[in-house]
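Accompanying notes for the structure given below.
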Amino acid sequence: MKKDIHSCISIKKELDIVGARQIGRDHAKRLGFGTVDQARIATAISELARNIYLYAKVGEICYEIIDEKSNTGLRVIATDNGPGIRSISQVMEDGYSTSGGLGAGLPGVKRLMDQFDIVSEVGKGTEIRTIKWLR
């Protein structure tokens, strides 16, 4: 498996969410994703970046092109050193929200992407790894 990390963007202010979304869409377009999947990827990145901004204040979104066994995909990794998530199972329930939002959050990201993995430790931070495969 060859990996090519294209870029990372720091999430420190609200405007960084827009930048993270645009970089992700650009990578998806370059890889040959259709417009619907580009929108799915961009939406997932928006949600991940917004969570960093709202809950951890600072973090980063990284993009990695993956090429394994004739499958190409885009891996998006969101990391922060924020407060962590006390109950991953609770935040993965549809409708759960601590910010007063719609609660589409992480369950929505999981639905939009093909693979989703979350690791979080209270007081240490969170890492979410997602992949969208090119069809």
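By order of appearance in the structure tokens: chains A, B, ..., then residues from 1 within every chain, and ligands from 1 in the order shown.
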
*asked:* DSSP on the backbone: which residues in stretch 24-63 of chain A end up as strand (DSSP E or B)? Give the answer as a PyMOL selection string.
replied: chain A and resi 59-63

*Would you return as a PyMOL selection string the members of stretch 17-94 of chain A that DSSP assigns to alpha helix (DSSP H) on this structure's backbone?*
chain A and resi 17-31+35-51+88-91

Dump N, CA, C and O atoms for the selected residues as a CSV table (one decimal), in the first residue's frame?
```
chain,number,residue,atom,x,y,z
A,17,ILE,N,-12.7,26.1,8.6
A,17,ILE,CA,-13.7,25.0,8.3
A,17,ILE,C,-13.9,25.1,6.8
A,17,ILE,O,-13.9,24.0,6.1
A,18,VAL,N,-14.0,26.3,6.2
A,18,VAL,CA,-14.3,26.5,4.8
A,18,VAL,C,-13.0,26.0,4.0
A,18,VAL,O,-13.1,25.3,3.0
A,19,GLY,N,-11.9,26.4,4.5
A,19,GLY,CA,-10.6,26.0,3.8
A,19,GLY,C,-10.4,24.5,3.8
A,19,GLY,O,-10.1,23.9,2.8
A,20,ALA,N,-10.7,23.8,4.9
A,20,ALA,CA,-10.6,22.4,5.0
A,20,ALA,C,-11.5,21.7,4.0
A,20,ALA,O,-11.2,20.7,3.3
A,21,ARG,N,-12.7,22.2,4.0
A,21,ARG,CA,-13.8,21.6,3.1
A,21,ARG,C,-13.3,21.8,1.6
A,21,ARG,O,-13.4,20.8,0.8
A,22,GLN,N,-12.8,23.0,1.3
A,22,GLN,CA,-12.4,23.2,-0.1
A,22,GLN,C,-11.2,22.3,-0.5
A,22,GLN,O,-11.1,21.8,-1.6
A,23,ILE,N,-10.2,22.2,0.4
A,23,ILE,CA,-9.0,21.3,0.1
A,23,ILE,C,-9.5,19.9,-0.2
A,23,ILE,O,-9.0,19.2,-1.1
A,24,GLY,N,-10.4,19.4,0.7
A,24,GLY,CA,-10.9,18.1,0.5
A,24,GLY,C,-11.6,17.9,-0.8
A,24,GLY,O,-11.4,16.9,-1.5
A,25,ARG,N,-12.4,18.9,-1.2
A,25,ARG,CA,-13.2,18.8,-2.4
A,25,ARG,C,-12.2,18.8,-3.6
A,25,ARG,O,-12.3,18.0,-4.6
A,26,ASP,N,-11.1,19.6,-3.5
A,26,ASP,CA,-10.1,19.7,-4.6
A,26,ASP,C,-9.4,18.3,-4.7
A,26,ASP,O,-9.2,17.8,-5.8
A,27,HIS,N,-9.0,17.7,-3.6
A,27,HIS,CA,-8.4,16.4,-3.7
A,27,HIS,C,-9.3,15.4,-4.3
A,27,HIS,O,-8.9,14.6,-5.1
A,28,ALA,N,-10.6,15.4,-3.9
A,28,ALA,CA,-11.6,14.4,-4.4
A,28,ALA,C,-11.8,14.6,-5.9
A,28,ALA,O,-11.8,13.6,-6.7
A,29,LYS,N,-11.8,15.9,-6.3
A,29,LYS,CA,-12.0,16.2,-7.8
A,29,LYS,C,-10.8,15.6,-8.6
A,29,LYS,O,-10.9,15.0,-9.6
A,30,ARG,N,-9.6,15.9,-8.0
A,30,ARG,CA,-8.4,15.5,-8.7
A,30,ARG,C,-8.3,14.0,-8.8
A,30,ARG,O,-7.8,13.4,-9.8
A,31,LEU,N,-8.8,13.3,-7.8
A,31,LEU,CA,-8.8,11.8,-7.8
A,31,LEU,C,-9.8,11.2,-8.8
A,31,LEU,O,-9.8,10.0,-9.1
A,35,THR,N,-19.3,14.5,-8.8
A,35,THR,CA,-19.8,15.7,-8.0
A,35,THR,C,-20.5,15.3,-6.7
A,35,THR,O,-20.4,16.0,-5.7
A,36,VAL,N,-21.3,14.2,-6.8
A,36,VAL,CA,-22.1,13.8,-5.6
A,36,VAL,C,-21.1,13.3,-4.5
A,36,VAL,O,-21.3,13.8,-3.4
A,37,ASP,N,-20.1,12.5,-4.9
A,37,ASP,CA,-19.2,12.1,-3.9
A,37,ASP,C,-18.3,13.2,-3.4
A,37,ASP,O,-17.9,13.3,-2.2
A,38,GLN,N,-18.0,14.2,-4.3
A,38,GLN,CA,-17.2,15.3,-3.8
A,38,GLN,C,-18.0,16.1,-2.8
A,38,GLN,O,-17.4,16.5,-1.8
A,39,ALA,N,-19.3,16.2,-3.0
A,39,ALA,CA,-20.1,16.9,-2.0
A,39,ALA,C,-20.2,16.1,-0.7
A,39,ALA,O,-20.2,16.7,0.4
A,40,ARG,N,-20.3,14.8,-0.8
A,40,ARG,CA,-20.3,14.0,0.4
A,40,ARG,C,-19.1,14.2,1.2
A,40,ARG,O,-19.1,14.3,2.5
A,41,ILE,N,-17.9,14.1,0.5
A,41,ILE,CA,-16.6,14.3,1.2
A,41,ILE,C,-16.5,15.6,1.8
A,41,ILE,O,-16.1,15.8,3.0
A,42,ALA,N,-16.9,16.7,1.1
A,42,ALA,CA,-16.8,18.0,1.6
A,42,ALA,C,-17.7,18.2,2.8
A,42,ALA,O,-17.3,18.9,3.8
A,43,THR,N,-18.9,17.6,2.8
A,43,THR,CA,-19.8,17.7,3.9
A,43,THR,C,-19.3,17.0,5.1
A,43,THR,O,-19.3,17.6,6.3
A,44,ALA,N,-18.7,15.9,5.0
A,44,ALA,CA,-18.1,15.1,6.1
A,44,ALA,C,-16.9,15.9,6.7
A,44,ALA,O,-16.8,16.1,7.9
A,45,ILE,N,-16.1,16.5,5.8
A,45,ILE,CA,-15.0,17.3,6.3
A,45,ILE,C,-15.5,18.6,7.1
A,45,ILE,O,-14.9,18.9,8.1
A,46,SER,N,-16.5,19.2,6.6
A,46,SER,CA,-17.1,20.3,7.3
A,46,SER,C,-17.5,20.0,8.7
A,46,SER,O,-17.3,20.7,9.6
A,47,GLU,N,-18.2,18.8,8.8
A,47,GLU,CA,-18.7,18.4,10.1
A,47,GLU,C,-17.5,18.1,11.0
A,47,GLU,O,-17.5,18.5,12.2
A,48,LEU,N,-16.5,17.4,10.5
A,48,LEU,CA,-15.3,17.1,11.3
A,48,LEU,C,-14.6,18.3,11.8
A,48,LEU,O,-14.2,18.5,13.0
A,49,ALA,N,-14.4,19.3,10.9
A,49,ALA,CA,-13.7,20.5,11.2
A,49,ALA,C,-14.5,21.4,12.2
A,49,ALA,O,-13.9,21.9,13.1
A,50,ARG,N,-15.8,21.4,12.0
A,50,ARG,CA,-16.7,22.1,12.9
A,50,ARG,C,-16.6,21.6,14.3
A,50,ARG,O,-16.6,22.3,15.3
A,51,ASN,N,-16.6,20.2,14.4
A,51,ASN,CA,-16.4,19.6,15.7
A,51,ASN,C,-15.1,20.0,16.4
A,51,ASN,O,-15.1,20.3,17.6
A,88,ILE,N,-18.5,7.5,23.2
A,88,ILE,CA,-18.5,7.4,21.8
A,88,ILE,C,-19.9,6.8,21.3
A,88,ILE,O,-20.5,7.3,20.3
A,89,SER,N,-20.4,5.8,22.0
A,89,SER,CA,-21.7,5.2,21.6
A,89,SER,C,-22.8,6.3,21.6
A,89,SER,O,-23.7,6.3,20.8
A,90,GLN,N,-22.7,7.2,22.6
A,90,GLN,CA,-23.8,8.2,22.7
A,90,GLN,C,-23.7,9.2,21.5
A,90,GLN,O,-24.7,9.6,20.9
A,91,VAL,N,-22.5,9.7,21.2
A,91,VAL,CA,-22.3,10.7,20.1
A,91,VAL,C,-22.6,10.0,18.8
A,91,VAL,O,-22.8,10.7,17.8
```

*Quick one: residues within 12 Å of A:Ile52, only C-alpha atoms counted, chain neighbours fewer than 3 positions away excluded, as a PyMOL selection string?*
chain A and resi 9-14+16-17+20+45-49+55-61+77-85+105-106+125-128

Take the residues that were just selected and, keeping N, CA, C and O atoms, output them as a compact mmCIF listing (two decimals), in the first residue's frame.
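Final output, saved to out-v6.txt:
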```
# COMPACT_ATOMS: atom_id res chain seq x y z
N ILE A 9 -4.43 20.80 7.26
CA ILE A 9 -4.81 22.18 7.53
C ILE A 9 -5.17 22.29 9.00
O ILE A 9 -5.91 21.46 9.53
N SER A 10 -4.62 23.30 9.65
CA SER A 10 -4.93 23.56 11.05
C SER A 10 -6.32 24.16 11.16
O SER A 10 -6.71 25.00 10.34
N ILE A 11 -7.05 23.74 12.16
CA ILE A 11 -8.36 24.30 12.45
C ILE A 11 -8.22 25.10 13.74
O ILE A 11 -8.01 24.54 14.81
N LYS A 12 -8.25 26.43 13.59
CA LYS A 12 -8.10 27.32 14.75
C LYS A 12 -9.21 28.36 14.81
O LYS A 12 -9.50 28.88 15.86
N LYS A 13 -9.77 28.67 13.64
CA LYS A 13 -10.83 29.67 13.58
C LYS A 13 -11.92 29.17 12.64
O LYS A 13 -11.70 28.24 11.88
N GLU A 14 -13.07 29.77 12.73
CA GLU A 14 -14.23 29.29 11.97
C GLU A 14 -13.96 29.25 10.47
O GLU A 14 -14.39 28.32 9.78
N ASP A 16 -11.36 28.43 8.96
CA ASP A 16 -10.57 27.25 8.60
C ASP A 16 -11.46 26.08 8.17
O ASP A 16 -11.02 25.21 7.42
N ILE A 17 -12.71 26.06 8.65
CA ILE A 17 -13.65 25.00 8.26
C ILE A 17 -13.88 25.06 6.75
O ILE A 17 -13.87 24.03 6.07
N ALA A 20 -10.73 23.83 4.93
CA ALA A 20 -10.59 22.37 5.02
C ALA A 20 -11.53 21.69 4.04
O ALA A 20 -11.15 20.74 3.34
N ILE A 45 -16.09 16.53 5.82
CA ILE A 45 -14.97 17.33 6.30
C ILE A 45 -15.47 18.55 7.07
O ILE A 45 -14.94 18.90 8.12
N SER A 46 -16.52 19.20 6.57
CA SER A 46 -17.12 20.34 7.27
C SER A 46 -17.52 19.96 8.68
O SER A 46 -17.26 20.70 9.64
N GLU A 47 -18.18 18.82 8.81
CA GLU A 47 -18.65 18.37 10.12
C GLU A 47 -17.47 18.07 11.04
O GLU A 47 -17.47 18.46 12.21
N LEU A 48 -16.45 17.38 10.52
CA LEU A 48 -15.28 17.06 11.34
C LEU A 48 -14.55 18.32 11.78
O LEU A 48 -14.18 18.45 12.95
N ALA A 49 -14.37 19.26 10.86
CA ALA A 49 -13.67 20.51 11.18
C ALA A 49 -14.49 21.35 12.16
O ALA A 49 -13.94 21.95 13.10
N TYR A 55 -15.53 22.03 19.85
CA TYR A 55 -15.28 21.28 21.09
C TYR A 55 -13.83 21.28 21.54
O TYR A 55 -13.56 21.23 22.74
N ALA A 56 -12.89 21.29 20.60
CA ALA A 56 -11.47 21.21 20.98
C ALA A 56 -10.76 22.55 20.81
O ALA A 56 -9.67 22.74 21.31
N LYS A 57 -11.37 23.45 20.03
CA LYS A 57 -10.83 24.78 19.72
C LYS A 57 -9.71 24.73 18.68
O LYS A 57 -9.63 25.58 17.82
N VAL A 58 -8.80 23.73 18.77
CA VAL A 58 -7.67 23.62 17.84
C VAL A 58 -7.47 22.16 17.46
O VAL A 58 -7.61 21.28 18.31
N GLY A 59 -7.14 21.93 16.20
CA GLY A 59 -6.84 20.58 15.72
C GLY A 59 -6.42 20.67 14.27
O GLY A 59 -6.07 21.74 13.78
N GLU A 60 -6.48 19.54 13.59
CA GLU A 60 -6.15 19.58 12.17
C GLU A 60 -6.89 18.50 11.40
O GLU A 60 -7.32 17.49 11.96
N ILE A 61 -7.04 18.78 10.11
CA ILE A 61 -7.61 17.84 9.17
C ILE A 61 -6.48 17.51 8.18
O ILE A 61 -5.87 18.42 7.61
N ILE A 77 -8.34 12.52 7.98
CA ILE A 77 -8.03 12.28 9.38
C ILE A 77 -8.22 13.59 10.16
O ILE A 77 -7.58 14.59 9.83
N ALA A 78 -9.09 13.56 11.13
CA ALA A 78 -9.33 14.73 11.99
C ALA A 78 -8.75 14.43 13.36
O ALA A 78 -9.12 13.42 13.97
N THR A 79 -7.84 15.28 13.83
CA THR A 79 -7.23 15.06 15.14
C THR A 79 -7.28 16.34 15.97
O THR A 79 -7.20 17.44 15.43
N ASP A 80 -7.40 16.15 17.27
CA ASP A 80 -7.34 17.29 18.18
C ASP A 80 -6.84 16.81 19.54
O ASP A 80 -6.78 15.61 19.80
N ASN A 81 -6.43 17.76 20.36
CA ASN A 81 -6.00 17.48 21.73
C ASN A 81 -7.01 18.07 22.70
O ASN A 81 -6.65 18.56 23.76
N GLY A 82 -8.28 18.02 22.31
CA GLY A 82 -9.34 18.61 23.10
C GLY A 82 -9.77 17.76 24.27
O GLY A 82 -9.02 16.89 24.72
N PRO A 83 -10.99 17.97 24.73
CA PRO A 83 -11.46 17.30 25.94
C PRO A 83 -11.74 15.81 25.76
O PRO A 83 -11.90 15.09 26.73
N GLY A 84 -11.80 15.35 24.51
CA GLY A 84 -12.13 13.95 24.26
C GLY A 84 -13.63 13.73 24.35
O GLY A 84 -14.40 14.62 24.71
N ILE A 85 -14.05 12.53 24.01
CA ILE A 85 -15.47 12.18 24.00
C ILE A 85 -15.71 11.15 25.11
O ILE A 85 -15.10 10.07 25.09
N GLY A 105 -24.21 15.22 12.97
CA GLY A 105 -22.81 15.08 13.29
C GLY A 105 -22.07 13.85 12.83
O GLY A 105 -22.00 13.54 11.67
N LEU A 106 -21.50 13.14 13.80
CA LEU A 106 -20.65 11.99 13.50
C LEU A 106 -21.40 10.84 12.84
O LEU A 106 -20.86 10.21 11.94
N GLY A 125 -7.88 13.94 23.84
CA GLY A 125 -8.24 14.31 22.48
C GLY A 125 -8.89 13.19 21.70
O GLY A 125 -9.17 12.11 22.23
N THR A 126 -9.10 13.47 20.42
CA THR A 126 -9.86 12.57 19.54
C THR A 126 -9.18 12.48 18.19
O THR A 126 -8.63 13.46 17.69
N GLU A 127 -9.23 11.28 17.60
CA GLU A 127 -8.80 11.09 16.22
C GLU A 127 -9.90 10.33 15.49
O GLU A 127 -10.35 9.29 15.97
N ILE A 128 -10.33 10.89 14.38
CA ILE A 128 -11.34 10.25 13.54
C ILE A 128 -10.72 10.04 12.17
O ILE A 128 -10.20 10.98 11.57
```

_Residue contacts of A:Pro107 (10 Å, only C-alpha atoms) excluding same-chain residues fewer than 4 positions away, as a PyMOL selection string_ = chain A and resi 91-96+103+111-112+116

Could you take the residues named above and write them with C-alpha atoms, as a PDB file, in the first residue's frame?
```pdb
ATOM      1  CA  VAL A  91     -22.318  10.656  20.118  1.00  0.00           C
ATOM      2  CA  MET A  92     -22.861   8.004  17.429  1.00  0.00           C
ATOM      3  CA  GLU A  93     -26.625   8.003  18.086  1.00  0.00           C
ATOM      4  CA  ASP A  94     -28.695   9.871  15.509  1.00  0.00           C
ATOM      5  CA  GLY A  95     -30.154  13.032  16.979  1.00  0.00           C
ATOM      6  CA  TYR A  96     -27.644  13.371  19.821  1.00  0.00           C
ATOM      7  CA  GLY A 103     -27.345  16.007  15.759  1.00  0.00           C
ATOM      8  CA  ARG A 111     -23.010   7.517   6.507  1.00  0.00           C
ATOM      9  CA  LEU A 112     -21.326   9.857   4.016  1.00  0.00           C
ATOM     10  CA  PHE A 116     -15.154   5.423   9.757  1.00  0.00           C
TER      11      PHE A 116
END
```

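Among the candidate residues A:Cys8, A:Arg75, A:Tyr53, A:Trp133, the one lying nearest to A:Asp117 is A:Arg75, with distances computed using only C-alpha atoms.
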
*Quick one, how far is atom CA of A:Gly34 from atom CA of A:Val76?*
17.3 Å

*Quote the spacing between atom CA of A:Ser87 and atom CA of A:Gly123 in Å to one decimal place.*
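Interatomic distance, atom CA of A:Ser87 to atom CA of A:Gly123: 12.9 Å.
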
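We find atom CA of A:Gly108 and atom CA of A:Ser120 to be spaced 18.1 Å apart.
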
_Shell around A:Ser7 at 8 Å using only C-alpha atoms, local window under 3 positions removed, as a PyMOL selection string_ = chain A and resi 62-64
